[in-house]
Amino acid sequence: MHRSDPRAVRPQLDETDLDIVAALHIAPRVPTAALADILGIPTSTASRRLARLQDERLLRVVGRFAWELITSSNPFELWVTSTPGHSEAVVSELLRIPDVQFVLRTSGAADIYANLFPLRGSDPHDLLTSTIPSIPGVRAIDSRMILEPAKVGQSWRYRRLDAACTAELEKHASVADGEPLRDLEQLSDLEFETMRMLGANGRVTAAEVGRTLGVSPTTAARAMRLLIHSGAISPRIEIQPDLMGFPLNAVVTIDVRPRDIRGALDTLAAHPSVRLLSTVTGSAPVSLAGVFAGPVDLARFVRDDLGTLAGVRSVQSVAGLRLERRYWVDRDGLRLGDSVEGVLRR
């Protein structure tokens, strides 16, 4: 009897799956046995569920590289306006550029929102003035430098688990509590290759690193500790927000009086819907990307949360139509696609 490909069916996560997803947002590298114990499920169930989520391309634990180590300049937000009928082709060309970290099709005047992280060896001036503007179908680009991040993606939490579970998982969280690296040249070849492996798989073990790189697990573990504790790499989970009940991505820019910017950033960083938050150049100094349960949820955020925030003079929001790439991982509907190669360079 012919069986249909399960990947062709819209994926659904049950309560146990969602508990695992929530736990990995807190502690991406938590050992499977500890994960099972904290969630109160058999280790075999945790292992099987985690393997299925990964095999079906619904979840991936990757490593976030500290952007100041891998880039040649500050990143930029790009609002790209394409000529009518050319949005698909423009997105395809943007996805060919390894420096493009994030791509979202939007509903506003600019039909594409992207984040550009000029990688080591790339010329940001050339990217902004030649490479991207010369893409056939691009009509206009509004670029804004990201001056300082106030909240980054791996700090967002899927708030599902109770306080006791959260506290136990925090014991397994990867903490950057050591001396930060100033440059990738500080790393040995072994440490650099370990960083590459952690970037591709944030749950890779010291034994796996050791076998691949031809060193002992102890040596591999030492390299991994250096990278994680220095903040050179931070494990993070990648999953489509739709699967967690947040089908609406939105980008919001906020014009805030200069004296109120710090207070606005502190308040917004604690908001459960805000994933990314930055100070940027341009007329609206605060920019955020958030995930919402739907249009009503976004309306309440704009009206009730931003509307009562001190110093806010104006707000512009756009709804995401389709997420194409986030943190250098392409998307295939609700499933994860390929990771961009060549991001880590020296």
# chains A, B, ... in the order shown; residues from 1 in each chain; ligands from 1

call {"tool": "residues_around", "arguments": {"residues": "Val312 in chain A", "least_positions_apart": "4", "cutoff": "12 Å", "atoms": "only C-alpha atoms", "output": "tab-separated table (two decimals) with N, CA and C atoms, in the first residue's frame"}}
result
chain	number	residue	atom	x	y	z
A	253	THR	N	8.71	49.73	14.01
A	253	THR	CA	9.67	50.81	14.25
A	253	THR	C	8.97	51.89	15.07
A	254	ILE	N	9.71	52.43	16.03
A	254	ILE	CA	9.11	53.33	17.03
A	254	ILE	C	9.94	54.60	17.13
A	255	ASP	N	9.30	55.72	16.94
A	255	ASP	CA	9.94	57.01	17.15
A	255	ASP	C	9.76	57.39	18.62
A	256	VAL	N	10.86	57.38	19.34
A	256	VAL	CA	10.84	57.66	20.78
A	256	VAL	C	11.71	58.88	21.05
A	257	ARG	N	11.26	59.75	21.93
A	257	ARG	CA	12.08	60.88	22.32
A	257	ARG	C	13.42	60.39	22.87
A	258	PRO	N	14.53	61.03	22.50
A	258	PRO	CA	15.85	60.53	22.92
A	258	PRO	C	15.97	60.25	24.41
A	259	ARG	N	15.42	61.10	25.25
A	259	ARG	CA	15.57	60.89	26.69
A	259	ARG	C	14.78	59.68	27.20
A	260	ASP	N	13.84	59.18	26.39
A	260	ASP	CA	13.01	58.04	26.81
A	260	ASP	C	13.43	56.73	26.15
A	261	ILE	N	14.46	56.76	25.32
A	261	ILE	CA	14.86	55.55	24.58
A	261	ILE	C	15.26	54.44	25.55
A	262	ARG	N	16.09	54.76	26.54
A	262	ARG	CA	16.55	53.70	27.45
A	262	ARG	C	15.40	53.05	28.19
A	263	GLY	N	14.47	53.82	28.68
A	263	GLY	CA	13.32	53.24	29.36
A	263	GLY	C	12.47	52.40	28.44
A	264	ALA	N	12.30	52.85	27.19
A	264	ALA	CA	11.52	52.07	26.22
A	264	ALA	C	12.19	50.73	25.93
A	265	LEU	N	13.51	50.76	25.77
A	265	LEU	CA	14.24	49.51	25.49
A	265	LEU	C	14.12	48.53	26.66
A	284	ALA	N	13.28	56.82	13.21
A	284	ALA	CA	12.69	56.04	14.32
A	284	ALA	C	13.81	55.21	14.95
A	285	PRO	N	14.29	55.58	16.13
A	285	PRO	CA	15.51	54.97	16.67
A	285	PRO	C	15.35	53.58	17.28
A	286	VAL	N	14.12	53.11	17.47
A	286	VAL	CA	13.91	51.80	18.07
A	286	VAL	C	13.22	50.89	17.07
A	302	VAL	N	0.31	47.13	19.92
A	302	VAL	CA	0.50	48.49	19.43
A	302	VAL	C	-0.33	49.48	20.26
A	303	ARG	N	-1.57	49.13	20.54
A	303	ARG	CA	-2.47	50.05	21.22
A	303	ARG	C	-2.20	50.15	22.73
A	305	ASP	N	0.32	48.43	24.72
A	305	ASP	CA	1.69	48.41	25.23
A	305	ASP	C	2.49	49.61	24.72
A	306	LEU	N	2.54	49.74	23.39
A	306	LEU	CA	3.28	50.88	22.85
A	306	LEU	C	2.54	52.19	23.10
A	307	GLY	N	1.21	52.12	23.11
A	307	GLY	CA	0.42	53.34	23.29
A	307	GLY	C	0.59	53.99	24.64
A	308	THR	N	1.02	53.22	25.62
A	308	THR	CA	1.20	53.78	26.97
A	308	THR	C	2.67	53.95	27.33
A	316	GLN	N	5.23	52.61	13.49
A	316	GLN	CA	4.94	52.01	12.19
A	316	GLN	C	5.13	50.50	12.32

call {"tool": "select_by_dssp", "arguments": {"residues": "range 188-275 of chain A", "states": "alpha helix (DSSP H)", "output": "ChimeraX atom specification"}}
result
/A:189-200,206-213,217-229,261-269

call {"tool": "residues_around", "arguments": {"residues": "Leu128 in chain A", "least_positions_apart": "4", "cutoff": "10 Å", "atoms": "only C-alpha atoms", "output": "short mmCIF file (atom, residue, chain, number, x, y, z; two decimals) with all heavy atoms, in the first residue's frame"}}
result
data_model
loop_
_atom_site.label_atom_id
_atom_site.label_comp_id
_atom_site.auth_asym_id
_atom_site.auth_seq_id
_atom_site.Cartn_x
_atom_site.Cartn_y
_atom_site.Cartn_z
N PHE A 76 22.87 45.76 9.33
CA PHE A 76 21.91 46.74 8.82
C PHE A 76 20.53 46.10 8.68
O PHE A 76 20.42 44.92 8.33
CB PHE A 76 22.33 47.25 7.44
CG PHE A 76 23.58 48.07 7.43
CD1 PHE A 76 24.83 47.46 7.39
CD2 PHE A 76 23.53 49.45 7.46
CE1 PHE A 76 26.00 48.20 7.39
CE2 PHE A 76 24.69 50.21 7.45
CZ PHE A 76 25.93 49.59 7.41
N LEU A 78 17.32 46.27 6.29
CA LEU A 78 17.03 46.68 4.92
C LEU A 78 15.53 46.58 4.67
O LEU A 78 14.91 45.55 4.94
CB LEU A 78 17.75 45.78 3.91
CG LEU A 78 19.26 45.67 4.00
CD1 LEU A 78 19.77 44.75 2.90
CD2 LEU A 78 19.93 47.02 3.93
N LEU A 116 21.09 42.49 7.09
CA LEU A 116 22.36 42.28 6.42
C LEU A 116 23.48 42.31 7.45
O LEU A 116 23.64 43.30 8.17
CB LEU A 116 22.58 43.38 5.37
CG LEU A 116 23.92 43.34 4.62
CD1 LEU A 116 23.94 42.16 3.64
CD2 LEU A 116 24.17 44.66 3.89
N PRO A 118 27.30 42.11 7.17
CA PRO A 118 28.48 42.00 6.31
C PRO A 118 29.55 41.13 6.97
O PRO A 118 30.09 41.47 8.03
CB PRO A 118 28.96 43.46 6.18
CG PRO A 118 27.73 44.28 6.46
CD PRO A 118 26.99 43.51 7.51
N ASP A 123 32.63 43.60 1.76
CA ASP A 123 32.67 45.05 1.80
C ASP A 123 31.25 45.58 1.99
O ASP A 123 30.43 45.47 1.09
CB ASP A 123 33.26 45.59 0.49
CG ASP A 123 33.41 47.10 0.48
OD1 ASP A 123 32.82 47.77 1.35
OD2 ASP A 123 34.12 47.63 -0.40
N PRO A 124 30.93 46.12 3.17
CA PRO A 124 29.55 46.59 3.40
C PRO A 124 29.14 47.67 2.41
O PRO A 124 27.97 47.72 2.00
CB PRO A 124 29.58 47.10 4.84
CG PRO A 124 31.02 47.29 5.18
CD PRO A 124 31.77 46.32 4.36
N ILE A 132 23.33 44.59 -3.77
CA ILE A 132 21.89 44.45 -3.53
C ILE A 132 21.07 45.40 -4.41
O ILE A 132 20.08 44.96 -5.02
CB ILE A 132 21.59 44.63 -2.03
CG1 ILE A 132 22.24 43.50 -1.24
CG2 ILE A 132 20.08 44.65 -1.78
CD1 ILE A 132 22.12 43.61 0.26
N PRO A 133 21.43 46.68 -4.55
CA PRO A 133 20.64 47.55 -5.43
C PRO A 133 20.61 47.09 -6.89
O PRO A 133 19.67 47.41 -7.61
CB PRO A 133 21.34 48.90 -5.30
CG PRO A 133 22.01 48.86 -3.98
CD PRO A 133 22.45 47.44 -3.82
N SER A 134 21.64 46.34 -7.32
CA SER A 134 21.68 45.91 -8.72
C SER A 134 20.89 44.64 -8.99
O SER A 134 20.82 44.17 -10.12
CB SER A 134 23.13 45.71 -9.18
OG SER A 134 23.74 44.65 -8.47
N ILE A 141 15.77 50.87 -1.74
CA ILE A 141 16.25 50.26 -0.50
C ILE A 141 16.40 51.35 0.55
O ILE A 141 17.00 52.39 0.30
CB ILE A 141 17.60 49.55 -0.68
CG1 ILE A 141 17.50 48.40 -1.68
CG2 ILE A 141 18.10 49.01 0.66
CD1 ILE A 141 18.82 47.73 -1.97
N ASP A 142 15.86 51.09 1.72
CA ASP A 142 16.06 51.96 2.88
C ASP A 142 16.90 51.15 3.87
O ASP A 142 16.44 50.14 4.41
CB ASP A 142 14.71 52.35 3.50
CG ASP A 142 14.87 53.21 4.75
OD1 ASP A 142 16.00 53.64 5.04
OD2 ASP A 142 13.85 53.44 5.43
N SER A 143 18.15 51.56 4.07
CA SER A 143 19.04 50.82 4.97
C SER A 143 19.26 51.60 6.26
O SER A 143 19.44 52.82 6.24
CB SER A 143 20.39 50.55 4.29
OG SER A 143 21.04 51.75 3.96
#

call {"tool": "closest_residue", "arguments": {"among": "A:Arg60, A:His271, A:Arg144, A:Arg345", "to": "Arg29 in chain A", "atoms": "only C-alpha atoms"}}
result
A:Arg60

call {"tool": "closest_atom_pairs", "arguments": {"of": "range 33-103 of chain A", "to": "range 196-204 of chain A", "cutoff": "8 Å", "atoms": "only C-alpha atoms", "output": "JSON lines"}}
result
{"residue": "A:Arg60", "atom": "CA", "partner": "A:Asn201", "partner_atom": "CA", "distance": 7.6}
{"residue": "A:Val61", "atom": "CA", "partner": "A:Gly202", "partner_atom": "CA", "distance": 5.0}
{"residue": "A:Val62", "atom": "CA", "partner": "A:Gly202", "partner_atom": "CA", "distance": 4.3}
{"residue": "A:Gly63", "atom": "CA", "partner": "A:Gly199", "partner_atom": "CA", "distance": 3.9}
{"residue": "A:Arg64", "atom": "CA", "partner": "A:Gly199", "partner_atom": "CA", "distance": 6.5}
{"residue": "A:Phe65", "atom": "CA", "partner": "A:Gly199", "partner_atom": "CA", "distance": 7.1}

call {"tool": "write_last_selection", "arguments": {"atoms": "N, CA, C and O atoms", "output": "short mmCIF file (atom, residue, chain, number, x, y, z; two decimals), in the first residue's frame"}}
result
data_model
loop_
_atom_site.label_atom_id
_atom_site.label_comp_id
_atom_site.auth_asym_id
_atom_site.auth_seq_id
_atom_site.Cartn_x
_atom_site.Cartn_y
_atom_site.Cartn_z
N ARG A 60 15.78 22.67 15.13
CA ARG A 60 17.23 22.53 15.03
C ARG A 60 17.86 23.38 16.12
O ARG A 60 17.44 24.50 16.35
N VAL A 61 18.87 22.84 16.78
CA VAL A 61 19.66 23.63 17.72
C VAL A 61 20.95 24.01 17.02
O VAL A 61 21.70 23.15 16.57
N VAL A 62 21.16 25.30 16.87
CA VAL A 62 22.35 25.80 16.19
C VAL A 62 23.14 26.64 17.19
O VAL A 62 22.77 26.77 18.36
N GLY A 63 24.25 27.19 16.73
CA GLY A 63 25.04 28.08 17.57
C GLY A 63 25.03 29.48 16.98
O GLY A 63 25.28 29.66 15.79
N ARG A 64 24.71 30.47 17.80
CA ARG A 64 24.75 31.87 17.37
C ARG A 64 26.16 32.40 17.59
O ARG A 64 26.66 32.44 18.70
N PHE A 65 26.81 32.80 16.50
CA PHE A 65 28.12 33.41 16.61
C PHE A 65 27.99 34.86 17.10
O PHE A 65 27.10 35.58 16.66
#

call {"tool": "residues_around", "arguments": {"residues": "Ser216 in chain A", "least_positions_apart": "6", "cutoff": "12 Å", "atoms": "only C-alpha atoms", "output": "PyMOL selection string"}}
result
chain A and resi 190+205-210+222-223

call {"tool": "write_last_selection", "arguments": {"atoms": "C-alpha atoms", "output": "PDB file, in the first residue's frame"}}
result
ATOM      1  CA  LEU A 190      41.073  23.178  16.870  1.00  0.00           C
ATOM      2  CA  THR A 205      28.917  16.475  22.253  1.00  0.00           C
ATOM      3  CA  ALA A 206      32.588  16.596  23.180  1.00  0.00           C
ATOM      4  CA  ALA A 207      32.894  12.957  22.117  1.00  0.00           C
ATOM      5  CA  GLU A 208      31.507  13.767  18.657  1.00  0.00           C
ATOM      6  CA  VAL A 209      33.777  16.787  18.282  1.00  0.00           C
ATOM      7  CA  GLY A 210      36.750  14.729  19.412  1.00  0.00           C
ATOM      8  CA  ARG A 222      37.957  22.289  26.913  1.00  0.00           C
ATOM      9  CA  ALA A 223      37.604  23.993  23.511  1.00  0.00           C
TER      10      ALA A 223
END

call {"tool": "closest_atom_pairs", "arguments": {"of": "range 27-93 of chain A", "to": "range 161-182 of chain A", "cutoff": "7 Å", "atoms": "only C-alpha atoms", "output": "Markdown table"}}
result
| residue | atom | partner | partner_atom | distance |
| --- | --- | --- | --- | --- |
| A:Ala27 | CA | A:Ala173 | CA | 4.3 |
| A:Val30 | CA | A:His172 | CA | 5.5 |
| A:Ile38 | CA | A:Cys165 | CA | 6.0 |
